[in-house]
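Working notes, beginning with the structure itself.
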Amino acid sequence: MTVDLHSDIYGKEVFADPYSYYGRLREEDPVHFNEQYGIWLITRYEDVAWMVRHPELFSSELYKRDSTPSPPIDESDKEHAAAVAEHRSHELIKNDPPEHTRLREPFRKPLSPKELEGWRQFIREAVASLLDRVADQGSMDVVADIGKPLPLLIVSEMLGVPPGDRQMLKEQAAERMLSELSVKPDRMRRAVTAIRDSSAYFDRLMNARADEPSSDLLGLLAQAEDEGNYSRGESVANAQGLLDAGHETTIQLLCNGTLAFLSNPEEWELFKTDPAGLAVTATEECLRYDPPLLGPRRVAAEDVELRGKTIKKGDRVQWLIAAANRDPREFENPDRFDIRRSPNRHISFGVGIHYCLGQYLARVEGQEVFTALATRFPNLRLATDSVEYADIRAVRSITSLPVAWD
Ligand code: HEM
């Protein structure tokens, strides 16, 4: 591969093997300014962990403080970009304290480890029923047959979305995420249509919750509205935000994880000796080794000195999880997939106040899927020589992962 430090960071070459490129950045220029997209790239574990713990220096208010979309968009897409920004600026992930603290509160308890253990049996049964559908075929596509249906089913169930509406929500979520993930210059037009449709839909569901209280997540948002802690705009944005944040990321934990197991047969053999016993450490290693989210962004809230460089107030900054998780200063043999790795202080769910709200849910889904695959299809193997990634940024999205068993 012929990448250099100035390669297109969203280009296919970097995406096919981000670890070589990020590794060079981490070793040669750990606080690097990418001229093409006007963005700082932070790659060392220590630096990333430090910056994300300082929200007063590195703000999450991307849409309020950074109004120029990057990568650039067409002139005709600009009015749509403004509508997308208005919507997304209500999401808790795009806010700093004190708004962030208020917006995060309703989700804290229902997404806690204790509550999530209560969902494990439901998730186990959902995984079993998805595998039942393909068991006799001797083959499946992990993306289409498990990745896409499972996270959507679970988040929709938690929100309280009726089963008949979930396919529509999935399609809207895919379009909506274009605004965050695509590099295409006309991405905002499609995203804004999906945002409007989903917002109208969630507005109707929230009206129904006002008449008939419920204990699902939408019911908790209705309660927060009643108590004056949430506006309706915030409820509909954060309901969609939960679907967006929990969907493609979890798909890629399941797919990147399966790929890591099957590309490292000795670890797969080891896992099969005790799937239930190894599921926790193995899932953490899948998260570290090939993290679903490559690197979230921040905006500098003031001038910051880091490793002799000055990041100016208003500059865009991306902290690269995929680089920090392979930093040899933090992890022994970082390029080795080691399902018993311990300790494993990966930062795939972030650090600090924005620490992933859905991390326990994603973990349970990963543990249950990997355990079920090893138990039901012990001779599972890859049924392809090459893996394609979607033309998007930030999430390393496998488009299809054919596997087979006897
Ligand atoms: C393997 C799957 C997942 C990964 C790798 C992941 C990763 C992350 C990361 C890195 C952050 C921090 C972003 C930042 O600091 O800017 C984050 C935040 C968040 N995640 Fe996840 N996530 C996953 C699954 C989920 C799920 C299943 C849900 C919801 C059901 C979810 C909901 C959220 C929310 C709401 C935030 C914002 C938290 C805040 O700003 O306080 N995530 N996630």
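A note on labels: chains of the structure tokens are A, B, ... as shown, every chain counts residues from 1, and ligands are counted from 1 in their shown order.
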- prompt: Among stretch 167-345 of chain A, which residues carry a DSSP assignment of strand (DSSP E or B), reported as an MDAnalysis selection string?
  reply: chainID A and resid 182 293 297:300 304:306 309:311 316:319
Residues within 6 Å of ligand 1, counting only C-alpha atoms and all ligand atoms, as an MDAnalysis selection string: chainID A and resid 92:93 104 155 242 245:246 249:250 253 292:293 296 348:350 353:359 361:362
Selection export as a PDB file, in the first residue's frame, atoms kept: N, CA and C atoms:
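Produced file result-v7.pdb, reproduced below:
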ATOM      1  N   LEU A  92     -27.725  14.551  22.581  1.00  0.00           N
ATOM      2  CA  LEU A  92     -26.877  14.693  23.770  1.00  0.00           C
ATOM      3  C   LEU A  92     -25.401  14.547  23.423  1.00  0.00           C
ATOM      4  N   ILE A  93     -25.087  13.716  22.458  1.00  0.00           N
ATOM      5  CA  ILE A  93     -23.685  13.484  22.083  1.00  0.00           C
ATOM      6  C   ILE A  93     -23.049  14.742  21.469  1.00  0.00           C
ATOM      7  N   ARG A 104     -28.487  13.575  29.121  1.00  0.00           N
ATOM      8  CA  ARG A 104     -28.039  12.178  29.332  1.00  0.00           C
ATOM      9  C   ARG A 104     -28.846  11.490  30.445  1.00  0.00           C
ATOM     10  N   VAL A 155     -32.737  -2.193  20.012  1.00  0.00           N
ATOM     11  CA  VAL A 155     -32.941  -0.763  20.342  1.00  0.00           C
ATOM     12  C   VAL A 155     -34.411  -0.389  20.133  1.00  0.00           C
ATOM     13  N   LEU A 242     -30.296   7.662  19.433  1.00  0.00           N
ATOM     14  CA  LEU A 242     -30.023   6.353  20.023  1.00  0.00           C
ATOM     15  C   LEU A 242     -29.982   5.265  18.938  1.00  0.00           C
ATOM     16  N   ALA A 245     -26.686   5.935  16.981  1.00  0.00           N
ATOM     17  CA  ALA A 245     -25.445   5.620  17.696  1.00  0.00           C
ATOM     18  C   ALA A 245     -25.305   4.127  17.936  1.00  0.00           C
ATOM     19  N   GLY A 246     -26.462   3.435  18.086  1.00  0.00           N
ATOM     20  CA  GLY A 246     -26.393   2.039  18.485  1.00  0.00           C
ATOM     21  C   GLY A 246     -26.505   1.052  17.356  1.00  0.00           C
ATOM     22  N   THR A 249     -22.696   0.911  14.624  1.00  0.00           N
ATOM     23  CA  THR A 249     -21.564   0.546  15.499  1.00  0.00           C
ATOM     24  C   THR A 249     -21.669  -0.915  15.948  1.00  0.00           C
ATOM     25  N   THR A 250     -22.869  -1.315  16.416  1.00  0.00           N
ATOM     26  CA  THR A 250     -23.017  -2.686  16.918  1.00  0.00           C
ATOM     27  C   THR A 250     -22.921  -3.689  15.773  1.00  0.00           C
ATOM     28  N   LEU A 253     -19.352  -4.258  15.382  1.00  0.00           N
ATOM     29  CA  LEU A 253     -18.761  -5.113  16.423  1.00  0.00           C
ATOM     30  C   LEU A 253     -18.991  -6.582  16.038  1.00  0.00           C
ATOM     31  N   PRO A 292     -15.369  -0.507  15.968  1.00  0.00           N
ATOM     32  CA  PRO A 292     -16.385  -0.098  14.993  1.00  0.00           C
ATOM     33  C   PRO A 292     -16.288   1.387  14.655  1.00  0.00           C
ATOM     34  N   LEU A 293     -16.102   2.229  15.664  1.00  0.00           N
ATOM     35  CA  LEU A 293     -16.022   3.675  15.428  1.00  0.00           C
ATOM     36  C   LEU A 293     -14.547   4.046  15.392  1.00  0.00           C
ATOM     37  N   PRO A 296     -14.211   9.698  16.688  1.00  0.00           N
ATOM     38  CA  PRO A 296     -15.144  10.822  16.798  1.00  0.00           C
ATOM     39  C   PRO A 296     -14.412  12.168  16.720  1.00  0.00           C
ATOM     40  N   SER A 348     -12.692   2.010  22.829  1.00  0.00           N
ATOM     41  CA  SER A 348     -13.670   1.909  21.734  1.00  0.00           C
ATOM     42  C   SER A 348     -15.024   2.499  22.097  1.00  0.00           C
ATOM     43  N   PHE A 349     -15.321   2.636  23.377  1.00  0.00           N
ATOM     44  CA  PHE A 349     -16.576   3.283  23.796  1.00  0.00           C
ATOM     45  C   PHE A 349     -16.328   4.719  24.259  1.00  0.00           C
ATOM     46  N   GLY A 350     -15.153   5.249  23.984  1.00  0.00           N
ATOM     47  CA  GLY A 350     -14.856   6.620  24.380  1.00  0.00           C
ATOM     48  C   GLY A 350     -14.341   6.686  25.808  1.00  0.00           C
ATOM     49  N   ILE A 353     -16.953  12.121  29.991  1.00  0.00           N
ATOM     50  CA  ILE A 353     -18.394  12.348  30.198  1.00  0.00           C
ATOM     51  C   ILE A 353     -19.261  11.805  29.052  1.00  0.00           C
ATOM     52  N   HIS A 354     -18.673  11.619  27.871  1.00  0.00           N
ATOM     53  CA  HIS A 354     -19.475  11.110  26.749  1.00  0.00           C
ATOM     54  C   HIS A 354     -19.334   9.596  26.579  1.00  0.00           C
ATOM     55  N   TYR A 355     -18.759   8.952  27.597  1.00  0.00           N
ATOM     56  CA  TYR A 355     -18.580   7.503  27.572  1.00  0.00           C
ATOM     57  C   TYR A 355     -19.867   6.852  27.076  1.00  0.00           C
ATOM     58  N   CYS A 356     -19.741   5.908  26.151  1.00  0.00           N
ATOM     59  CA  CYS A 356     -20.907   5.368  25.433  1.00  0.00           C
ATOM     60  C   CYS A 356     -22.026   4.913  26.368  1.00  0.00           C
ATOM     61  N   LEU A 357     -23.216   5.436  26.092  1.00  0.00           N
ATOM     62  CA  LEU A 357     -24.381   5.054  26.901  1.00  0.00           C
ATOM     63  C   LEU A 357     -24.839   3.628  26.608  1.00  0.00           C
ATOM     64  N   GLY A 358     -24.555   3.153  25.402  1.00  0.00           N
ATOM     65  CA  GLY A 358     -25.044   1.826  25.012  1.00  0.00           C
ATOM     66  C   GLY A 358     -23.996   0.742  25.142  1.00  0.00           C
ATOM     67  N   GLN A 359     -22.897   1.038  25.874  1.00  0.00           N
ATOM     68  CA  GLN A 359     -21.791   0.076  25.888  1.00  0.00           C
ATOM     69  C   GLN A 359     -22.183  -1.286  26.460  1.00  0.00           C
ATOM     70  N   LEU A 361     -25.134  -2.669  26.471  1.00  0.00           N
ATOM     71  CA  LEU A 361     -25.995  -3.326  25.496  1.00  0.00           C
ATOM     72  C   LEU A 361     -25.146  -3.943  24.379  1.00  0.00           C
ATOM     73  N   ALA A 362     -24.232  -3.146  23.834  1.00  0.00           N
ATOM     74  CA  ALA A 362     -23.386  -3.650  22.743  1.00  0.00           C
ATOM     75  C   ALA A 362     -22.566  -4.852  23.219  1.00  0.00           C
TER      76      ALA A 362
END
query: Using only C-alpha atoms, which residues sit within 10 Å of A:Ile392 once same-chain residues fewer than 2 positions away are excluded, as a PyMOL selection string?
result: chain A and resi 10-12+15+177-178+180-184+389-390+394-397
- prompt: Which residues, written as a VMD selection string, have at least one atom at most 7 Å from stretch 373-385 of chain A, with only C-alpha atoms counted and residues fewer than 5 positions away on the same chain left out?
  reply: chain A and resid 262 272 275 402 to 406
Could you save those same residues with N, CA, C and O atoms as a CSV table (one decimal), in the first residue's frame?
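File produced: again_13.csv:
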chain,number,residue,atom,x,y,z
A,262,LEU,N,-12.3,-15.4,12.6
A,262,LEU,CA,-12.1,-16.4,11.6
A,262,LEU,C,-10.8,-16.1,10.8
A,262,LEU,O,-10.2,-17.0,10.2
A,272,LYS,N,-13.6,-21.7,21.2
A,272,LYS,CA,-14.5,-22.8,21.1
A,272,LYS,C,-14.4,-23.8,22.3
A,272,LYS,O,-15.3,-24.5,22.7
A,275,PRO,N,-16.7,-21.1,25.2
A,275,PRO,CA,-17.3,-19.8,24.7
A,275,PRO,C,-17.8,-19.0,25.9
A,275,PRO,O,-17.6,-17.8,25.9
A,402,PRO,N,-19.7,-13.1,4.0
A,402,PRO,CA,-20.2,-14.5,3.8
A,402,PRO,C,-19.4,-15.5,4.6
A,402,PRO,O,-18.2,-15.4,4.6
A,403,VAL,N,-20.1,-16.4,5.4
A,403,VAL,CA,-19.5,-17.4,6.1
A,403,VAL,C,-20.2,-18.7,5.8
A,403,VAL,O,-21.4,-18.7,5.4
A,404,ALA,N,-19.6,-19.9,6.2
A,404,ALA,CA,-20.2,-21.2,5.9
A,404,ALA,C,-19.8,-22.1,7.0
A,404,ALA,O,-18.9,-21.9,7.8
A,405,TRP,N,-20.6,-23.2,7.1
A,405,TRP,CA,-20.3,-24.3,8.1
A,405,TRP,C,-20.9,-25.6,7.5
A,405,TRP,O,-21.7,-25.6,6.6
A,406,ASP,N,-20.4,-26.7,8.1
A,406,ASP,CA,-20.9,-28.0,7.6
A,406,ASP,C,-21.9,-28.6,8.6
A,406,ASP,O,-21.8,-28.3,9.8
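Separating atom CA of A:Glu105 from atom CA of A:Asp211 is a distance of 22.8 Å.
Among the candidates A:Gln167, A:Thr273, A:Ser179, A:Gln121, the residue lying nearest to A:Pro71 is A:Ser179 (atoms considered: only C-alpha atoms).
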Excluding same-chain residues fewer than 5 positions from A:Val52, what lies within 9 Å of it counting only C-alpha atoms, as an mmCIF file with C-alpha atoms, in the first residue's frame?
data_model
loop_
_atom_site.group_PDB
_atom_site.id
_atom_site.type_symbol
_atom_site.label_atom_id
_atom_site.label_comp_id
_atom_site.auth_asym_id
_atom_site.auth_seq_id
_atom_site.Cartn_x
_atom_site.Cartn_y
_atom_site.Cartn_z
ATOM 1 C CA ASP A 47 -3.077 12.212 24.196
ATOM 2 C CA LEU A 57 -10.959 22.478 25.937
ATOM 3 C CA PHE A 58 -12.409 20.162 23.306
ATOM 4 C CA ARG A 298 -14.351 17.628 18.730
ATOM 5 C CA TRP A 319 -9.298 11.493 18.044
ATOM 6 C CA GLY A 350 -14.856 6.620 24.380
ATOM 7 C CA VAL A 351 -13.633 8.181 27.614
ATOM 8 C CA GLY A 352 -14.959 10.766 30.076
ATOM 9 C CA ILE A 353 -18.394 12.348 30.198
ATOM 10 C CA HIS A 354 -19.475 11.110 26.749
#
- line: A:Val369 proximity check over A:Ala210, A:Ala222, A:Ile347, A:Val280, using only C-alpha atoms: winner is A:Val280
